[in-house]
$ cat data.csv   # CSV, C-alpha atoms and all ligand atoms
chain,number,residue,atom,x,y,z
A,1,MET,CA,-20.8,-18.2,5.6
A,2,LYS,CA,-18.6,-15.3,6.7
A,3,ASN,CA,-16.9,-15.3,3.4
A,4,THR,CA,-20.3,-15.1,1.6
A,5,GLU,CA,-21.3,-12.2,3.7
A,6,ASN,CA,-18.1,-10.4,2.9
A,7,VAL,CA,-18.6,-11.0,-0.8
A,8,GLU,CA,-22.2,-9.8,-0.6
A,9,ARG,CA,-21.1,-6.7,1.4
A,10,ALA,CA,-18.4,-6.0,-1.1
A,11,ALA,CA,-20.8,-6.3,-4.0
A,12,ASP,CA,-23.3,-4.0,-2.2
A,13,ILE,CA,-20.6,-1.4,-1.8
A,14,VAL,CA,-19.6,-1.6,-5.5
A,15,ARG,CA,-23.3,-1.4,-6.5
A,16,GLU,CA,-23.9,1.6,-4.2
A,17,ALA,CA,-20.8,3.4,-5.5
A,18,LEU,CA,-21.8,2.8,-9.1
A,19,ASN,CA,-25.4,4.0,-8.4
A,20,LEU,CA,-24.2,7.2,-6.7
A,21,MET,CA,-21.9,7.9,-9.6
A,22,ARG,CA,-24.7,7.4,-12.1
A,23,LYS,CA,-27.0,9.5,-9.9
A,24,TYR,CA,-24.5,12.4,-9.8
A,25,SER,CA,-23.3,11.9,-13.4
A,26,VAL,CA,-19.7,11.3,-12.2
A,27,PRO,CA,-17.5,10.1,-15.0
A,28,MET,CA,-16.1,6.6,-14.4
A,29,HIS,CA,-12.4,6.7,-13.9
A,30,PRO,CA,-10.1,5.4,-11.1
A,31,VAL,CA,-9.9,8.5,-8.9
A,32,ASN,CA,-13.6,9.2,-9.0
A,33,TYR,CA,-14.4,5.5,-8.4
A,34,ALA,CA,-11.9,5.4,-5.5
A,35,VAL,CA,-13.7,8.4,-3.8
A,36,TRP,CA,-17.2,7.0,-4.3
A,37,HIS,CA,-16.2,3.5,-3.3
A,38,ALA,CA,-14.8,4.9,-0.1
A,39,TYR,CA,-18.0,7.0,0.4
A,40,ALA,CA,-20.2,3.9,-0.2
A,41,SER,CA,-18.2,1.7,2.2
A,42,GLY,CA,-18.8,4.1,5.1
A,43,ASP,CA,-15.3,3.3,6.4
A,44,ASN,CA,-14.1,6.9,5.8
A,45,LEU,CA,-16.2,9.2,8.0
A,46,GLU,CA,-14.4,12.4,7.1
A,47,LEU,CA,-14.8,11.8,3.4
A,48,ARG,CA,-18.5,10.9,3.9
A,49,ASN,CA,-19.1,14.2,5.8
A,50,ALA,CA,-17.1,16.2,3.2
A,51,ILE,CA,-19.2,14.8,0.3
A,52,ASP,CA,-22.5,15.2,2.3
A,53,ARG,CA,-21.6,18.8,2.8
A,54,TYR,CA,-21.2,19.3,-1.0
A,55,MET,CA,-24.5,17.6,-1.6
A,56,LEU,CA,-26.3,19.6,1.0
A,57,GLN,CA,-25.0,22.8,-0.5
A,58,HIS,CA,-25.9,21.6,-4.0
A,59,LEU,CA,-22.4,22.2,-5.1
A,60,THR,CA,-21.0,20.4,-8.1
A,61,LEU,CA,-18.4,17.8,-7.2
A,62,ASP,CA,-16.3,18.3,-10.3
A,63,GLU,CA,-13.1,16.6,-11.2
A,64,ALA,CA,-10.9,19.2,-9.4
A,65,ALA,CA,-13.0,18.9,-6.2
A,66,THR,CA,-13.0,15.1,-6.4
A,67,GLU,CA,-9.2,15.1,-6.8
A,68,VAL,CA,-8.9,17.3,-3.7
A,69,LEU,CA,-11.1,14.8,-1.7
A,70,TYR,CA,-9.1,11.9,-3.1
A,71,ARG,CA,-5.8,13.4,-2.0
A,72,ARG,CA,-7.1,14.6,1.4
A,73,HIS,CA,-9.3,11.7,2.4
A,74,VAL,CA,-8.4,8.7,0.4
A,75,ILE,CA,-4.6,8.9,-0.1
A,76,GLY,CA,-3.9,11.6,2.6
A,77,ASN,CA,-5.6,10.7,5.9
A,78,SER,CA,-6.4,7.2,5.3
A,79,ALA,CA,-3.1,6.4,3.6
A,80,ASP,CA,-3.4,3.1,5.2
A,81,PRO,CA,-2.0,0.6,2.7
A,82,ALA,CA,-3.9,-2.2,4.3
A,83,LEU,CA,-7.2,-0.3,3.7
A,84,LEU,CA,-6.2,0.4,0.1
A,85,GLN,CA,-5.5,-3.2,-0.4
A,86,ARG,CA,-8.8,-4.3,1.1
A,87,MET,CA,-10.6,-1.8,-1.1
A,88,SER,CA,-8.9,-3.1,-4.2
A,89,GLU,CA,-9.5,-6.8,-3.2
A,90,ARG,CA,-13.2,-6.1,-2.5
A,91,MET,CA,-13.8,-4.4,-5.8
A,92,SER,CA,-12.0,-7.2,-7.8
A,93,SER,CA,-13.8,-9.9,-6.0
A,94,ALA,CA,-17.2,-8.3,-6.3
A,95,LEU,CA,-16.7,-7.6,-10.0
A,96,GLY,CA,-15.4,-11.1,-10.5
A,97,GLN,CA,-18.6,-12.5,-9.0
A,98,ALA,CA,-20.7,-10.3,-11.1
A,99,VAL,CA,-18.9,-11.3,-14.3
A,100,GLU,CA,-19.3,-15.0,-13.4
A,101,SER,CA,-23.0,-14.6,-12.7
A,102,ALA,CA,-23.6,-12.8,-15.9
A,103,ALA,CA,-21.6,-15.5,-17.8
A,104,ARG,CA,-23.7,-18.2,-16.1
A,105,ALA,CA,-26.9,-16.4,-16.8
A,106,GLY,CA,-25.9,-15.9,-20.5
A,107,ASP,CA,-25.0,-19.6,-20.9
A,108,GLN,CA,-28.3,-20.7,-19.2
A,109,THR,CA,-30.4,-18.3,-21.4
A,110,ALA,CA,-28.6,-19.5,-24.5
A,111,ALA,CA,-29.2,-23.1,-23.6
A,112,TYR,CA,-32.8,-22.4,-22.8
A,113,GLY,CA,-33.2,-20.5,-26.2
A,114,SER,CA,-31.7,-23.5,-28.1
A,115,SER,CA,-34.0,-26.0,-26.4
A,116,LEU,CA,-37.0,-23.8,-27.2
A,117,SER,CA,-35.9,-23.6,-30.9
A,118,ARG,CA,-35.4,-27.4,-31.0
A,119,PHE,CA,-38.9,-27.8,-29.5
A,120,GLN,CA,-40.3,-25.5,-32.1
A,121,ASP,CA,-38.6,-27.4,-34.9
A,122,GLY,CA,-40.0,-30.6,-33.5
A,123,LEU,CA,-43.5,-29.2,-33.8
A,124,ALA,CA,-43.0,-29.3,-37.6
A,125,GLY,CA,-45.0,-26.2,-38.4
A,126,GLN,CA,-47.8,-26.8,-35.8
A,127,ALA,CA,-48.6,-23.5,-34.1
A,128,LEU,CA,-48.4,-23.5,-30.3
A,129,PRO,CA,-50.0,-20.5,-28.6
A,130,GLY,CA,-47.5,-18.2,-27.0
A,131,LEU,CA,-44.4,-20.0,-28.2
A,132,GLU,CA,-43.3,-17.3,-30.6
A,133,GLU,CA,-43.7,-14.8,-27.8
A,134,ILE,CA,-41.6,-16.9,-25.4
A,135,LEU,CA,-38.9,-17.2,-28.0
A,136,ALA,CA,-38.9,-13.5,-28.7
A,137,THR,CA,-38.6,-12.8,-25.0
A,138,THR,CA,-35.8,-15.2,-24.6
A,139,ARG,CA,-33.9,-13.6,-27.5
A,140,GLN,CA,-34.4,-10.2,-25.8
A,141,MET,CA,-33.1,-11.6,-22.6
A,142,GLN,CA,-30.0,-13.0,-24.4
A,143,ALA,CA,-29.4,-9.6,-26.0
A,144,ALA,CA,-29.7,-7.9,-22.6
A,145,ILE,CA,-27.3,-10.3,-20.9
A,146,GLN,CA,-24.8,-9.9,-23.7
A,147,ALA,CA,-25.0,-6.1,-23.3
A,148,LEU,CA,-24.5,-6.6,-19.5
A,149,GLN,CA,-21.5,-8.8,-20.2
A,150,ARG,CA,-20.0,-6.1,-22.4
A,151,GLN,CA,-20.6,-3.5,-19.7
A,152,LEU,CA,-19.0,-5.8,-17.1
A,153,GLY,CA,-16.1,-6.3,-19.4
A,154,ASP,CA,-15.6,-2.6,-19.6
A,155,SER,CA,-15.9,-2.2,-15.8
A,156,ARG,CA,-13.4,-5.0,-15.4
A,157,GLN,CA,-10.9,-3.0,-17.4
A,158,GLU,CA,-11.6,0.1,-15.4
A,159,ILE,CA,-11.4,-1.7,-12.1
A,160,GLY,CA,-8.1,-3.3,-13.3
A,161,GLN,CA,-6.8,0.2,-13.9
A,162,LEU,CA,-8.1,1.3,-10.5
A,163,ARG,CA,-6.5,-1.7,-8.8
A,164,ASP,CA,-3.1,-0.8,-10.5
A,165,GLU,CA,-3.6,2.8,-9.3
A,166,LEU,CA,-4.4,1.6,-5.7
A,167,GLU,CA,-1.4,-0.7,-5.8
A,168,ARG,CA,0.8,2.2,-6.9
A,169,VAL,CA,-0.6,4.4,-4.1
A,170,ARG,CA,-0.1,1.6,-1.6
A,171,GLN,CA,3.5,1.2,-2.7
A,172,GLU,CA,4.1,5.0,-2.5
A,173,ASN,CA,2.7,4.9,1.0
A,174,LEU,CA,5.3,2.4,2.0
A,175,THR,CA,8.2,4.0,0.3
A,176,ASP,CA,10.5,6.8,1.2
A,177,THR,CA,10.4,9.2,-1.7
A,178,LEU,CA,14.0,10.4,-1.4
A,179,THR,CA,15.9,7.2,-1.2
A,180,GLY,CA,13.4,4.7,-2.5
A,181,LEU,CA,13.8,2.5,0.6
A,182,PRO,CA,10.8,1.3,2.5
A,183,ASN,CA,9.6,3.9,5.0
A,184,ARG,CA,8.7,3.9,8.7
A,185,ARG,CA,5.2,2.6,8.0
A,186,ALA,CA,6.6,-0.3,6.0
A,187,PHE,CA,9.0,-1.0,8.8
A,188,GLU,CA,6.2,-1.0,11.4
A,189,GLN,CA,4.1,-3.3,9.4
A,190,ARG,CA,7.0,-5.8,8.9
A,191,LEU,CA,7.9,-5.5,12.6
A,192,ALA,CA,4.3,-6.4,13.6
A,193,ALA,CA,4.3,-9.4,11.3
A,194,CYS,CA,7.7,-10.5,12.5
A,195,MET,CA,6.6,-10.2,16.2
A,196,THR,CA,3.5,-12.2,15.5
A,197,LEU,CA,5.5,-14.9,13.8
A,198,ALA,CA,8.1,-15.0,16.7
A,199,ALA,CA,5.3,-15.3,19.2
A,200,SER,CA,3.4,-18.1,17.4
A,201,ALA,CA,6.4,-20.1,16.3
A,202,GLY,CA,8.5,-19.9,19.5
A,203,MET,CA,11.0,-17.2,20.2
A,204,ASN,CA,14.3,-19.2,20.1
A,205,SER,CA,14.5,-19.9,16.4
A,206,HIS,CA,12.4,-17.0,15.2
A,207,ALA,CA,13.5,-13.9,17.3
A,208,PRO,CA,14.3,-11.0,15.0
A,209,CYS,CA,17.3,-8.7,15.5
A,210,LEU,CA,17.0,-5.0,14.9
A,211,LEU,CA,19.8,-2.7,13.8
A,212,MET,CA,19.4,1.1,14.1
A,213,LEU,CA,21.8,3.2,12.1
A,214,ASP,CA,22.4,6.9,12.1
A,215,ILE,CA,24.8,9.0,10.0
A,216,ASP,CA,27.5,10.7,12.1
A,217,HIS,CA,27.6,14.5,12.1
A,218,PHE,CA,25.2,14.7,9.3
A,219,LYS,CA,24.3,18.3,10.2
A,220,ARG,CA,27.8,19.2,9.2
A,221,VAL,CA,27.4,17.7,5.8
A,222,ASN,CA,24.3,19.9,5.2
A,223,ASP,CA,26.0,22.9,6.7
A,224,SER,CA,29.2,22.5,4.7
A,225,TYR,CA,27.9,21.3,1.3
A,226,GLY,CA,24.3,22.2,1.2
A,227,HIS,CA,21.0,20.2,1.6
A,228,GLY,CA,21.3,18.8,-1.9
A,229,THR,CA,24.5,17.1,-1.1
A,230,GLY,CA,23.1,16.0,2.2
A,231,ASP,CA,20.3,14.3,0.2
A,232,GLN,CA,22.8,12.6,-2.1
A,233,VAL,CA,24.7,11.3,1.0
A,234,LEU,CA,21.4,9.9,2.3
A,235,CYS,CA,20.9,8.1,-1.0
A,236,THR,CA,24.4,6.7,-1.0
A,237,VAL,CA,23.9,5.3,2.5
A,238,ALA,CA,20.5,4.0,1.6
A,239,ALA,CA,21.9,2.2,-1.5
A,240,ALA,CA,24.6,0.5,0.7
A,241,LEU,CA,22.0,-0.5,3.2
A,242,GLN,CA,19.8,-2.0,0.5
A,243,ALA,CA,22.7,-3.8,-1.1
A,244,GLY,CA,23.8,-5.2,2.3
A,245,THR,CA,20.3,-6.4,3.3
A,246,PRO,CA,20.1,-10.2,3.5
A,247,ASP,CA,17.1,-12.0,2.0
A,248,ASN,CA,14.0,-11.8,4.1
A,249,ALA,CA,15.4,-8.8,6.0
A,250,LEU,CA,14.0,-5.2,5.6
A,251,ALA,CA,16.0,-2.0,5.5
A,252,ALA,CA,14.0,1.2,5.9
A,253,ARG,CA,14.5,4.9,6.3
A,254,ILE,CA,12.6,5.9,9.4
A,255,GLY,CA,13.6,9.5,9.9
A,256,GLY,CA,15.9,12.2,8.6
A,257,GLU,CA,19.3,10.5,8.8
A,258,GLU,CA,18.1,7.4,10.7
A,259,PHE,CA,17.7,4.0,9.2
A,260,VAL,CA,16.8,0.5,10.5
A,261,MET,CA,17.4,-3.0,9.4
A,262,LEU,CA,15.0,-5.7,10.7
A,263,LEU,CA,16.6,-9.2,10.5
A,264,PRO,CA,13.9,-11.8,11.1
A,265,ALA,CA,15.0,-15.1,12.7
A,266,MET,CA,18.6,-14.2,13.0
A,267,GLN,CA,21.1,-14.9,15.8
A,268,LEU,CA,22.8,-11.8,17.3
A,269,GLN,CA,26.2,-13.0,16.1
A,270,GLY,CA,25.0,-13.1,12.5
A,271,ALA,CA,23.3,-9.7,12.8
A,272,ARG,CA,26.5,-8.3,14.3
A,273,LEU,CA,28.4,-9.4,11.2
A,274,VAL,CA,25.8,-7.8,8.9
A,275,ALA,CA,26.2,-4.5,10.9
A,276,GLU,CA,30.0,-4.6,10.8
A,277,GLN,CA,30.1,-5.2,7.1
A,278,LEU,CA,27.7,-2.3,6.6
A,279,ARG,CA,29.6,0.1,8.9
A,280,GLN,CA,32.9,-0.7,7.0
A,281,LYS,CA,31.3,-0.5,3.6
A,282,ILE,CA,29.7,2.9,4.2
A,283,ALA,CA,33.0,4.3,5.5
A,284,THR,CA,34.6,3.5,2.1
A,285,LEU,CA,31.9,5.3,0.0
A,286,ARG,CA,32.3,8.7,-1.4
A,287,THR,CA,29.5,11.1,-2.6
A,288,PRO,CA,30.6,13.7,-5.2
A,289,ALA,CA,30.0,17.3,-4.1
A,290,ARG,CA,31.2,20.9,-4.5
A,291,SER,CA,32.6,23.1,-1.9
A,292,LYS,CA,31.2,26.6,-1.3
A,293,THR,CA,34.0,27.9,-3.7
A,294,GLY,CA,32.9,25.5,-6.4
A,295,ALA,CA,35.7,23.0,-6.0
A,296,GLU,CA,34.9,19.3,-6.7
A,297,LEU,CA,35.2,17.1,-3.7
A,298,GLN,CA,34.1,13.8,-2.3
A,299,VAL,CA,32.0,13.5,0.9
A,300,GLN,CA,32.7,10.6,3.2
A,301,VAL,CA,30.6,9.7,6.2
A,302,THR,CA,30.6,7.2,9.0
A,303,VAL,CA,27.6,5.6,10.8
A,304,SER,CA,26.8,4.6,14.3
A,305,ILE,CA,24.8,1.5,14.9
A,306,GLY,CA,22.7,0.1,17.7
A,307,LEU,CA,21.9,-3.6,17.7
A,308,THR,CA,19.6,-5.8,19.7
A,309,SER,CA,17.4,-8.8,19.5
A,310,LEU,CA,13.8,-9.3,20.6
A,311,GLN,CA,13.4,-10.5,24.1
A,312,ARG,CA,10.6,-12.8,25.2
A,313,GLY,CA,7.4,-11.0,26.1
A,314,GLU,CA,8.4,-7.5,25.1
A,315,THR,CA,6.5,-5.1,22.9
A,316,GLY,CA,7.7,-3.7,19.6
A,317,ARG,CA,8.2,-0.3,21.2
A,318,GLN,CA,10.5,-1.8,23.9
A,319,PHE,CA,12.4,-3.6,21.2
A,320,ILE,CA,12.9,-0.4,19.2
A,321,GLU,CA,13.7,1.6,22.3
A,322,ARG,CA,16.5,-0.7,23.2
A,323,ALA,CA,18.0,-0.5,19.7
A,324,ASP,CA,17.8,3.2,20.0
A,325,GLN,CA,19.6,3.2,23.4
A,326,ALA,CA,22.3,1.1,21.8
A,327,LEU,CA,22.6,3.6,19.0
A,328,TYR,CA,22.8,6.4,21.6
A,329,GLN,CA,25.7,4.5,23.3
A,330,SER,CA,27.5,4.3,20.0
A,331,LYS,CA,27.2,8.0,19.5
A,332,HIS,CA,28.4,8.8,23.0
A,333,GLY,CA,31.2,6.2,22.7
A,334,GLY,CA,32.7,8.2,19.8
A,335,ARG,CA,30.6,7.3,16.8
A,336,ASP,CA,31.6,5.0,13.8
A,337,ARG,CA,30.9,1.9,15.9
A,338,ILE,CA,28.4,-0.7,16.8
A,339,THR,CA,26.9,-1.3,20.3
A,340,VAL,CA,25.0,-4.4,21.1
A,341,ARG,CA,22.5,-4.1,23.9
A,342,MET,CA,20.5,-6.9,25.5
A,343,GLY,CA,18.0,-6.2,28.3
B,401,LIG,N1,19.8,16.9,3.5
B,401,LIG,C1,18.9,16.4,4.3
B,401,LIG,N2,19.0,16.6,5.7
B,401,LIG,C2,18.1,16.2,6.5
B,401,LIG,C3,17.0,15.4,6.1
B,401,LIG,N3,16.3,15.1,7.2
B,401,LIG,C4,16.9,15.6,8.3
B,401,LIG,N4,18.1,16.2,7.9
B,401,LIG,C5,19.1,16.9,8.7
B,401,LIG,O1,19.8,15.9,9.4
B,401,LIG,C6,20.4,16.6,10.5
B,401,LIG,C7,20.4,15.7,11.7
B,401,LIG,O2,21.2,16.3,12.6
B,401,LIG,P1,21.5,15.7,14.1
B,401,LIG,O3,20.4,14.6,14.4
B,401,LIG,O4,21.6,16.8,15.0
B,401,LIG,O5,22.8,14.9,13.9
B,401,LIG,P2,24.3,15.5,14.1
B,401,LIG,O6,24.4,16.2,15.4
B,401,LIG,O7,24.7,16.2,12.9
B,401,LIG,O8,25.0,14.1,14.1
B,401,LIG,P3,25.1,13.0,15.3
B,401,LIG,O9,25.2,13.7,16.6
B,401,LIG,O10,26.3,12.3,14.9
B,401,LIG,O11,23.8,12.3,15.2
B,401,LIG,C8,19.7,17.9,10.7
B,401,LIG,O12,20.5,19.0,10.3
B,401,LIG,C9,18.5,17.8,9.7
B,401,LIG,O13,18.2,19.1,9.1
B,401,LIG,C10,16.8,15.2,4.7
B,401,LIG,O14,15.9,14.6,4.2
B,401,LIG,N5,17.8,15.7,3.9

$ encode --input "data.csv" --output "structure tokens"
Amino acid sequence: MKNTENVERAADIVREALNLMRKYSVPMHPVNYAVWHAYASGDNLELRNAIDRYMLQHLTLDEAATEVLYRRHVIGNSADPALLQRMSERMSSALGQAVESAARAGDQTAAYGSSLSRFQDGLAGQALPGLEEILATTRQMQAAIQALQRQLGDSRQEIGQLRDELERVRQENLTDTLTGLPNRRAFEQRLAACMTLAASAGMNSHAPCLLMLDIDHFKRVNDSYGHGTGDQVLCTVAAALQAGTPDNALAARIGGEEFVMLLPAMQLQGARLVAEQLRQKIATLRTPARSKTGAELQVQVTVSIGLTSLQRGETGRQFIERADQALYQSKHGGRDRITVRMG
């Protein structure tokens, strides 16, 4: 029942969005549709108010203005990947239903038309009042349904493009632009999922470990070789982190020169091994750079790491804080080392 209601609601939103776009003569393309779908859903109050203001002032919501609304209110504020995914799923499901209904209606009308024709043939030339008219109306219905099917086919293509666009935006929202690693948001999402799993499946075998990693004296890299080289170093470390991430684990850049690795269902001993391999590997890497006098050189960095595992009953925040404290200890203990902290 609930599912049916969801589908009906989704279909209503799609219909409402399409009606509004027709009413205001908005061209059908992914960005416009995303804005009007968000408006029709009512989930995005700021966007709704912004569009209502336009309408009240009789201003034209042209492509440029729509693009601004899209960036500010659809991607910008509500850059919630889950919301984007829900939106995309709603549209696909509503459209899928509409296409199916139209196909069913088309088949039924065709079948009805054929039976009428057979019936007429069976009459062997006898005239039956009204039959010609019914047949003509049936043919008109068939033609209208075929036209609707074509329109739905076009919409399906447009919504397919929109879904790809939403998926791209969703991925962008979960990715750090400099290094290509998952970002803080992606990490938080995975951590929440990991904690739910640990809580429901029993902590002992499913407790995750968290490794927090920070480049040592990174400010000096920027100061000595420039921000561009600093960025290159971040990419070098990120690539090492990605390469050293076991299956199922997630490495992310969560701040300037701060990275994490979330290791689901892993014993502390195994996580320590992963951290140690990472620390050693990063110390061997070199990033090409130029000195202030233009000489070619290689930049080498070390990392400090804090490691902990999730304790029974604690929150994600407490888990992260303990990893952070362990990292702090590594920094104060002389850097280029790993500190394991429990409780
Ligand atoms: N190149 C570059 N630098 C960044 C970026 N984000 C943050 N930073 C720099 O990272 C540096 C971090 O410095 P601190 O946290 O003070 O670290 P530190 O004192 O050099 O080193 P530790 O004490 O070992 O942590 C600052 O200079 C920031 O400007 C970035 O995206 N690119």

$ atom_distance --input "data.csv" --atom1 "atom O12 of ligand LIG 401 (chain B)" --atom2 "atom CA of A:Thr308"
26.5 Å

$ residues_around --input "data.csv" --residues "stretch 232-248 of chain A" --least-positions-apart "3" --cutoff "10 Å" --atoms "all atoms listed in the file" --output "ChimeraX atom specification"
/A:178-182,213-215,218,221-222,227-229,251-253,256-265,271,274-275,277-279,281-283,285-289,299-303

$ closest_residue --input "data.csv" --among "A:Tyr225, A:Asn173, A:Ala295, A:Gly270" --to "ligand LIG 401 (chain B)" --atoms "all atoms listed in the file"
A:Tyr225

$ residues_around --input "data.csv" --residues "stretch 44-53 of chain A" --least-positions-apart "3" --cutoff "10 Å" --atoms "all atoms listed in the file" --output "PyMOL selection string"
chain A and resi 35-41+56-59+61+65-66+69-70+72-74+77-78

$ closest_residue --input "data.csv" --among "A:Ser224, A:Thr284, A:Ser309, A:Gln146" --to "ligand LIG 401 (chain B)" --atoms "only C-alpha atoms and all ligand atoms"
A:Ser224

$ residues_near_point --input "data.csv" --point "(27.6, -0.1, 20.4)" --cutoff "9 Å" --atoms "all atoms listed in the file" --output "compact mmCIF listing (two decimals) with C-alpha atoms, keeping the file's coordinate frame"
# COMPACT_ATOMS: atom_id res chain seq x y z
CA SER A 304 26.80 4.60 14.30
CA ILE A 305 24.80 1.50 14.90
CA GLY A 306 22.70 0.10 17.70
CA LEU A 307 21.90 -3.60 17.70
CA ALA A 326 22.30 1.10 21.80
CA LEU A 327 22.60 3.60 19.00
CA TYR A 328 22.80 6.40 21.60
CA GLN A 329 25.70 4.50 23.30
CA SER A 330 27.50 4.30 20.00
CA LYS A 331 27.20 8.00 19.50
CA GLY A 333 31.20 6.20 22.70
CA ARG A 335 30.60 7.30 16.80
CA ARG A 337 30.90 1.90 15.90
CA ILE A 338 28.40 -0.70 16.80
CA THR A 339 26.90 -1.30 20.30
CA VAL A 340 25.00 -4.40 21.10
CA ARG A 341 22.50 -4.10 23.90

$ closest_residue --input "data.csv" --among "A:Arg185, A:Arg322, A:Arg163, A:His332" --to "ligand LIG 401 (chain B)" --atoms "all atoms listed in the file"
A:His332

$ atom_distance --input "data.csv" --atom1 "atom CA of A:Asp324" --atom2 "atom N2 of ligand LIG 401 (chain B)"
19.6 Å

$ atom_distance --input "data.csv" --atom1 "atom CA of A:Ser200" --atom2 "atom CA of A:Gly316"
15.2 Å

$ residues_around --input "data.csv" --residues "A:Arg22" --least-positions-apart "5" --cutoff "12 Å" --atoms "only C-alpha atoms" --output "list of chain:residue names"
A:Arg15, A:Glu16, A:Ala17, A:Pro27, A:Met28, A:Asn32, A:Tyr33, A:Trp36

$ closest_residue --input "data.csv" --among "A:Gly294, A:Gly113, A:Gly230, A:Gly343" --to "ligand LIG 401 (chain B)" --atoms "only C-alpha atoms and all ligand atoms"
A:Gly230

$ closest_residue --input "data.csv" --among "A:Ala110, A:Ile254, A:Leu20, A:Leu268" --to "A:Thr177" --atoms "all atoms listed in the file"
A:Ile254

$ closest_residue --input "data.csv" --among "A:His206, A:Arg184, A:Arg220, A:Arg104" --to "ligand LIG 401 (chain B)" --atoms "all atoms listed in the file"
A:Arg220
